[in-house]
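The structure file run-v8.cif is reproduced below (mmCIF, C-alpha atoms).
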data_structure
#
loop_
_atom_site.label_atom_id
_atom_site.label_comp_id
_atom_site.auth_asym_id
_atom_site.auth_seq_id
_atom_site.Cartn_x
_atom_site.Cartn_y
_atom_site.Cartn_z
CA MET A 1 2.76 10.30 -8.83
CA CYS A 2 6.02 10.04 -6.91
CA ASP A 3 8.70 11.14 -9.39
CA ARG A 4 11.97 13.03 -9.61
CA ASP A 5 10.33 16.45 -9.74
CA LEU A 6 8.29 15.77 -6.63
CA LEU A 7 11.31 14.48 -4.73
CA ALA A 8 13.30 17.52 -5.82
CA ARG A 9 10.63 19.84 -4.43
CA TRP A 10 10.69 17.95 -1.13
CA ALA A 11 14.48 18.04 -0.96
CA MET A 12 14.56 21.81 -1.55
CA ASP A 13 12.54 22.43 1.60
CA ARG A 14 14.29 20.26 4.16
CA ARG A 15 13.21 22.36 7.13
CA LYS A 16 9.54 21.95 6.26
CA PHE A 17 10.09 18.27 5.49
CA GLY A 18 11.69 17.64 8.87
CA ALA A 19 8.87 19.32 10.76
CA GLY A 20 6.21 17.49 8.79
CA ALA A 21 7.90 14.14 9.26
CA ALA A 22 8.17 14.70 13.00
CA LEU A 23 4.50 15.59 13.29
CA ALA A 24 3.52 12.64 11.13
CA GLY A 25 5.68 10.32 13.21
CA GLY A 26 3.81 11.43 16.29
CA ALA A 27 0.53 10.68 14.56
CA VAL A 28 1.73 7.16 13.79
CA GLY A 29 2.55 6.53 17.41
CA LEU A 30 -0.77 7.93 18.60
CA SER A 31 -2.74 5.82 16.17
CA ALA A 32 -0.96 2.65 17.26
CA CYS A 33 -1.40 3.39 20.94
CA THR A 34 -5.09 4.18 20.76
CA THR A 35 -5.65 1.02 18.75
CA TYR A 36 -3.88 -1.11 21.34
CA GLY A 37 -5.73 0.53 24.19
CA GLY A 38 -9.36 -0.08 23.36
CA GLY A 39 -12.00 -2.01 21.48
CA ASP A 40 -12.78 -5.70 21.47
CA ILE A 41 -9.70 -6.94 19.63
CA GLY A 42 -7.37 -7.11 22.61
CA ARG A 43 -3.73 -8.06 22.16
CA LEU A 44 -1.84 -8.02 18.89
CA ALA A 45 0.91 -10.43 17.89
CA GLU A 46 3.60 -9.46 15.42
CA ARG A 47 6.77 -10.85 13.93
CA SER A 48 9.13 -10.60 11.01
CA VAL A 49 8.59 -13.50 8.60
CA SER A 50 10.16 -14.96 5.49
CA PHE A 51 9.09 -17.54 2.92
CA ALA A 52 10.29 -18.77 -0.43
CA ILE A 53 8.97 -17.45 -3.72
CA GLY A 54 10.66 -19.56 -6.35
CA ASP A 55 14.39 -19.08 -5.90
CA ASP A 56 13.89 -15.83 -3.95
CA THR A 57 13.02 -15.23 -0.31
CA MET A 58 10.30 -12.78 0.65
CA ASP A 59 10.81 -10.95 3.92
CA ALA A 60 7.80 -9.27 5.46
CA PHE A 61 6.13 -8.00 8.63
CA PHE A 62 3.07 -9.85 9.97
CA VAL A 63 0.74 -8.47 12.64
CA HIS A 64 -2.65 -9.80 13.72
CA PRO A 65 -5.05 -10.13 16.66
CA ALA A 66 -3.47 -12.59 19.07
CA ASP A 67 -6.65 -14.28 20.24
CA SER A 68 -8.78 -14.76 17.13
CA GLU A 69 -8.76 -15.75 13.47
CA SER A 70 -9.02 -12.76 11.15
CA PRO A 71 -9.38 -12.01 7.44
CA ALA A 72 -6.00 -11.38 5.83
CA VAL A 73 -4.71 -8.24 4.14
CA ILE A 74 -1.67 -7.93 1.89
CA MET A 75 -0.11 -4.47 2.16
CA TRP A 76 2.10 -3.13 -0.64
CA PRO A 77 4.31 -0.24 0.56
CA ASP A 78 5.21 2.86 -1.40
CA ILE A 79 8.54 3.54 -3.09
CA ALA A 80 10.41 3.85 0.25
CA GLY A 81 9.58 0.23 1.07
CA LEU A 82 9.10 -1.62 4.35
CA ARG A 83 9.82 0.62 7.37
CA ASP A 84 8.38 1.77 10.70
CA ALA A 85 5.66 3.96 9.19
CA LYS A 86 4.26 0.95 7.34
CA ARG A 87 4.54 -1.28 10.39
CA ALA A 88 2.57 1.27 12.40
CA MET A 89 -0.11 1.46 9.71
CA ALA A 90 -0.34 -2.34 9.73
CA ARG A 91 -0.66 -2.42 13.52
CA ARG A 92 -3.51 0.05 13.39
CA LEU A 93 -5.37 -2.05 10.83
CA ALA A 94 -4.68 -5.22 12.81
CA GLY A 95 -6.33 -3.50 15.76
CA GLU A 96 -9.49 -3.36 13.64
CA GLY A 97 -9.45 -7.15 13.36
CA TYR A 98 -7.28 -7.98 10.35
CA ALA A 99 -4.19 -10.14 9.87
CA VAL A 100 -1.86 -7.84 7.94
CA LEU A 101 1.19 -8.88 5.94
CA VAL A 102 3.42 -5.96 4.87
CA LEU A 103 5.65 -7.10 2.03
CA ASN A 104 9.17 -6.01 1.19
CA PRO A 105 8.45 -5.09 -2.43
CA TYR A 106 12.14 -5.23 -3.33
CA TYR A 107 12.75 -8.75 -2.01
CA GLN A 108 14.06 -9.94 -5.38
CA SER A 109 16.97 -7.52 -5.03
CA VAL A 110 17.53 -6.73 -1.34
CA SER A 111 16.25 -7.86 2.03
CA GLY A 112 15.20 -5.86 5.04
CA GLU A 113 14.54 -2.17 5.54
CA GLN A 114 16.43 0.09 3.14
CA PHE A 115 15.20 3.50 4.34
CA ALA A 116 14.23 4.40 7.89
CA ASP A 117 11.65 6.89 6.65
CA PHE A 118 10.86 9.14 3.72
CA ALA A 119 13.39 11.74 4.90
CA ALA A 120 16.10 9.10 4.60
CA PHE A 121 14.80 8.16 1.16
CA VAL A 122 15.27 11.74 -0.03
CA GLU A 123 18.65 12.19 1.66
CA GLN A 124 20.03 8.96 0.15
CA ASP A 125 18.87 9.69 -3.41
CA GLY A 126 16.37 6.90 -3.02
CA PHE A 127 14.89 7.25 -6.48
CA GLU A 128 18.19 6.28 -8.10
CA LYS A 129 18.86 3.58 -5.51
CA VAL A 130 15.57 1.76 -6.03
CA LYS A 131 15.40 2.11 -9.81
CA PRO A 132 17.00 -1.28 -10.61
CA TRP A 133 14.83 -2.90 -7.93
CA ARG A 134 11.66 -1.32 -9.30
CA ASP A 135 12.51 -2.46 -12.80
CA GLN A 136 11.81 -6.03 -11.67
CA LEU A 137 8.31 -5.18 -10.47
CA THR A 138 6.40 -6.09 -13.60
CA ALA A 139 2.76 -7.12 -13.59
CA GLY A 140 3.85 -10.74 -13.88
CA SER A 141 6.31 -10.63 -10.99
CA VAL A 142 3.82 -8.78 -8.78
CA GLN A 143 1.15 -11.40 -9.49
CA ARG A 144 3.61 -14.19 -8.76
CA THR A 145 4.40 -12.53 -5.44
CA ALA A 146 0.72 -12.02 -4.62
CA ARG A 147 -0.09 -15.67 -5.22
CA ALA A 148 2.77 -16.78 -2.98
CA ALA A 149 1.89 -14.29 -0.24
CA ALA A 150 -1.76 -15.34 -0.34
CA GLY A 151 -0.76 -18.98 -0.13
CA TRP A 152 1.47 -18.30 2.88
CA LEU A 153 -1.30 -16.37 4.63
CA MET A 154 -3.81 -19.16 4.12
CA GLU A 155 -1.46 -21.50 6.03
CA GLN A 156 -1.39 -19.27 9.12
CA SER A 157 -3.56 -20.18 12.11
CA ALA A 158 -4.26 -16.47 12.70
CA VAL A 159 -6.04 -16.19 9.35
CA ASP A 160 -9.72 -16.89 8.71
CA GLY A 161 -9.48 -18.04 5.12
CA ALA A 162 -13.23 -18.39 4.69
CA ARG A 163 -13.73 -14.62 4.82
CA GLY A 164 -11.54 -13.83 1.84
CA MET A 165 -8.65 -11.43 1.64
CA GLY A 166 -7.99 -7.75 1.04
CA THR A 167 -5.03 -5.88 -0.38
CA GLN A 168 -3.99 -2.24 -0.17
CA GLY A 169 -1.13 -0.31 -1.72
CA TYR A 170 0.42 3.12 -1.79
CA CYS A 171 2.17 5.05 -4.57
CA MET A 172 3.85 2.37 -6.73
CA GLY A 173 1.95 -0.22 -4.66
CA GLY A 174 -1.41 1.10 -5.86
CA PRO A 175 -1.47 -0.76 -9.19
CA PHE A 176 -0.01 -3.81 -7.47
CA THR A 177 -3.29 -4.24 -5.59
CA ILE A 178 -5.29 -4.49 -8.80
CA TRP A 179 -2.79 -6.89 -10.36
CA SER A 180 -2.91 -8.92 -7.14
CA ALA A 181 -6.69 -9.16 -7.18
CA ALA A 182 -6.58 -10.23 -10.83
CA ALA A 183 -4.20 -13.06 -9.90
CA VAL A 184 -5.74 -14.27 -6.63
CA PRO A 185 -9.47 -15.16 -6.67
CA GLY A 186 -9.55 -15.10 -2.87
CA ILE A 187 -8.82 -11.36 -2.84
CA ARG A 188 -12.22 -9.75 -2.54
CA ALA A 189 -11.18 -6.12 -1.99
CA ALA A 190 -8.36 -3.96 -3.34
CA ALA A 191 -7.55 -0.40 -2.29
CA SER A 192 -5.14 1.94 -4.07
CA PHE A 193 -3.99 5.16 -2.37
CA HIS A 194 -2.35 7.77 -4.62
CA GLY A 195 -1.40 4.88 -6.88
CA GLY A 196 0.75 5.61 -9.91
CA GLY A 197 0.20 4.05 -13.32
CA LEU A 198 -3.36 2.82 -12.85
CA VAL A 199 -4.10 3.85 -16.43
CA ARG A 200 -1.36 3.13 -18.95
CA GLU A 201 -0.94 2.09 -22.58
CA ALA A 202 0.31 -1.43 -21.88
CA GLU A 203 -2.02 -4.40 -22.26
CA ASN A 204 -1.66 -5.15 -18.55
CA SER A 205 -2.83 -1.70 -17.49
CA PRO A 206 -4.53 -2.08 -14.11
CA HIS A 207 -7.71 -0.38 -15.30
CA THR A 208 -8.24 -3.22 -17.78
CA MET A 209 -7.84 -5.93 -15.12
CA LEU A 210 -10.67 -5.16 -12.70
CA ARG A 211 -12.72 -8.14 -11.52
CA GLY A 212 -16.48 -8.02 -11.51
CA ASP A 213 -16.75 -9.91 -8.22
CA ALA A 214 -14.30 -7.71 -6.29
CA ASN A 215 -14.63 -4.43 -4.39
CA TYR A 216 -12.29 -1.53 -5.17
CA LEU A 217 -11.34 1.72 -3.50
CA ILE A 218 -9.27 3.97 -5.73
CA ALA A 219 -8.20 7.10 -3.86
CA ILE A 220 -6.51 9.67 -6.11
CA ALA A 221 -4.35 12.56 -4.91
CA GLN A 222 -5.42 16.02 -6.03
CA ASP A 223 -2.07 16.78 -7.70
CA ASP A 224 -2.12 13.43 -9.53
CA ASP A 225 -5.62 14.27 -10.72
CA ALA A 226 -4.45 17.67 -11.95
CA GLU A 227 -1.71 15.96 -13.96
CA ASN A 228 -4.06 13.33 -15.47
CA PRO A 229 -7.61 14.68 -15.11
CA ASP A 230 -9.08 12.06 -17.46
CA HIS A 231 -7.90 9.06 -15.43
CA LYS A 232 -10.70 9.14 -12.86
CA ALA A 233 -13.35 8.94 -15.59
CA ILE A 234 -11.47 6.10 -17.31
CA LEU A 235 -11.26 4.20 -14.02
CA ARG A 236 -14.94 4.74 -13.21
CA ARG A 237 -15.94 3.57 -16.67
CA ALA A 238 -13.69 0.51 -16.40
CA MET A 239 -15.19 -0.33 -13.03
CA ALA A 240 -18.71 -0.05 -14.43
CA ASP A 241 -17.82 -2.10 -17.52
CA ALA A 242 -16.37 -4.85 -15.31
CA GLY A 243 -19.42 -4.84 -13.05
CA ALA A 244 -17.15 -4.25 -10.05
CA ALA A 245 -18.28 -2.61 -6.84
CA GLY A 246 -16.43 0.31 -5.34
CA GLN A 247 -15.53 3.93 -5.84
CA VAL A 248 -13.02 6.26 -7.41
CA ASP A 249 -12.49 9.49 -5.47
CA VAL A 250 -10.14 12.46 -5.68
CA PHE A 251 -8.96 13.57 -2.23
CA ALA A 252 -7.94 16.97 -0.92
CA GLY A 253 -4.37 15.84 -0.40
CA ASP A 254 -1.25 15.63 -2.53
CA HIS A 255 0.56 12.47 -3.55
CA GLY A 256 1.53 10.63 -0.38
CA TRP A 257 -1.14 12.20 1.82
CA THR A 258 -2.05 8.91 3.56
CA VAL A 259 1.48 7.94 4.66
CA PRO A 260 2.52 9.36 8.05
CA ASP A 261 6.21 9.85 7.27
CA SER A 262 5.54 11.50 3.90
CA PRO A 263 6.01 15.27 3.68
CA ALA A 264 2.61 15.38 1.97
CA TYR A 265 0.85 13.68 4.90
CA ASP A 266 -2.54 15.24 5.64
CA ARG A 267 -4.11 13.77 8.73
CA ALA A 268 -7.71 14.83 8.05
CA ALA A 269 -7.65 13.50 4.49
CA ALA A 270 -5.80 10.38 5.62
CA GLU A 271 -8.46 9.64 8.24
CA ARG A 272 -11.19 9.97 5.63
CA ALA A 273 -9.33 7.54 3.37
CA TYR A 274 -8.84 5.13 6.28
CA ALA A 275 -12.55 5.20 7.10
CA LEU A 276 -13.39 4.35 3.48
CA LEU A 277 -10.86 1.52 3.57
CA LEU A 278 -12.56 0.03 6.61
CA GLU A 279 -15.97 0.37 4.92
CA THR A 280 -14.62 -1.41 1.83
CA TYR A 281 -13.23 -4.29 3.86
CA ALA A 282 -16.40 -4.52 5.95
CA ARG A 283 -18.45 -4.98 2.78
CA ALA A 284 -16.16 -7.50 1.18
CA LEU A 285 -14.58 -9.59 3.93
#
Translate this structure into structure tokens?
Amino acid sequence: MCDRDLLARWAMDRRKFGAGAALAGGAVGLSACTTYGGGDIGRLAERSVSFAIGDDTMDAFFVHPADSESPAVIMWPDIAGLRDAKRAMARRLAGEGYAVLVLNPYYQSVSGEQFADFAAFVEQDGFEKVKPWRDQLTAGSVQRTARAAAGWLMEQSAVDGARGMGTQGYCMGGPFTIWSAAAVPGIRAAASFHGGGLVREAENSPHTMLRGDANYLIAIAQDDDAENPDHKAILRRAMADAGAAGQVDVFAGDHGWTVPDSPAYDRAAAERAYALLLETYARAL
């Protein structure tokens, strides 16, 4: 998972990081452009939004097909939070016919973008900066957020509520998708990409909270698998015990391989993961 050692390795090779980030940034732009240019979806509409969650205010990015109602997706970013790479990923998915809400996971502590990209996260000692914000992201607070976000989405004219909802998350956002699905019956599909902490000792471990009527895609990074080789079997067994549909796969990419501004970004492996995401949503929504 994304930890101090991994960030230290990235920081030690800044030249490689910069080149990889530049190439990944180009891939983001290309994906967004090709999505806008073709298919049957047509125009996209997007805006920054905010809504109350108790005494706090969630700020988020919302993008959807402009001319149709679409099933909703809640996107949980990785440790670097809401930024252009995540907006571009949301636009691409919206081009497939989904109304995508990208949350600021740190809304209880700060608002708006905190890091322009993963390079900025490393340069600004992001791990230390976000630690007090992350400490608030318990299973209970994530589920509270998911319920509020789902409620907000169901009030939007761009959303087809009858088709159910999906959720996807990256890095620390991976377990959030499973907690979200456990809290919101309308979530029919949850996808975790290189998610950290899917199997843990606590009673609210995500692997113990799978729903039998939901679809799951759990995509594990090869280096995360090497660190915890038993987790994939535990997750597969938990999925079978719950009667849930879906799959648990280890990918030929390191932690962060699906995120275009990550130094671990691997386009071929990311495209395979994206195709499986679309298949999961097509089955469930």
From the set A:Thr280, A:Thr177, A:Gln108, A:Ser68, which residue has the shortest atom-to-atom contact distance to Gly197 in chain A, counting only C-alpha atoms?
-> A:Thr177
Computed interatomic separation between CA of Asp223 in chain A and CA of Gly195 in chain A (Å) |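 That distance, rounded to one decimal, is 11.9 Å.
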Can you list what the PyMOL selection byres ((chain A and resi 151) around 12) grabs from this structure, as number ranges by chain?
-> A: 51-53, 72, 74, 101, 144-150, 152-156, 159, 161, 165, 183-187
Any chance you could work out the residue set of the PyMOL selection byres ((chain A and resi 40-49) around 12) here, as a ChimeraX atom specification?
-> /A:32-39,50-52,57-70,82-83,87-88,90-104,111-113,149,152-153,156,158
Using all atoms listed in the file, the shortest atom-to-atom distance to Met172 in chain A among A:Asp230, A:Asp78, A:Asp213, A:Asp84 belongs to A:Asp78
Hey, what's within 10 Å of Ala242 in chain A if we count only C-alpha atoms and toss same-chain stuff fewer than 2 positions away? As a ChimeraX atom specification, please?
-> /A:207-214,236-240,244-245
Which of A:Tyr281, A:Pro260, A:Ile234, A:Thr167 sits closest to Leu198 in chain A [using only C-alpha atoms] =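 Looking only at the distances to Leu198 in chain A, the closest residue turns out to be A:Ile234.
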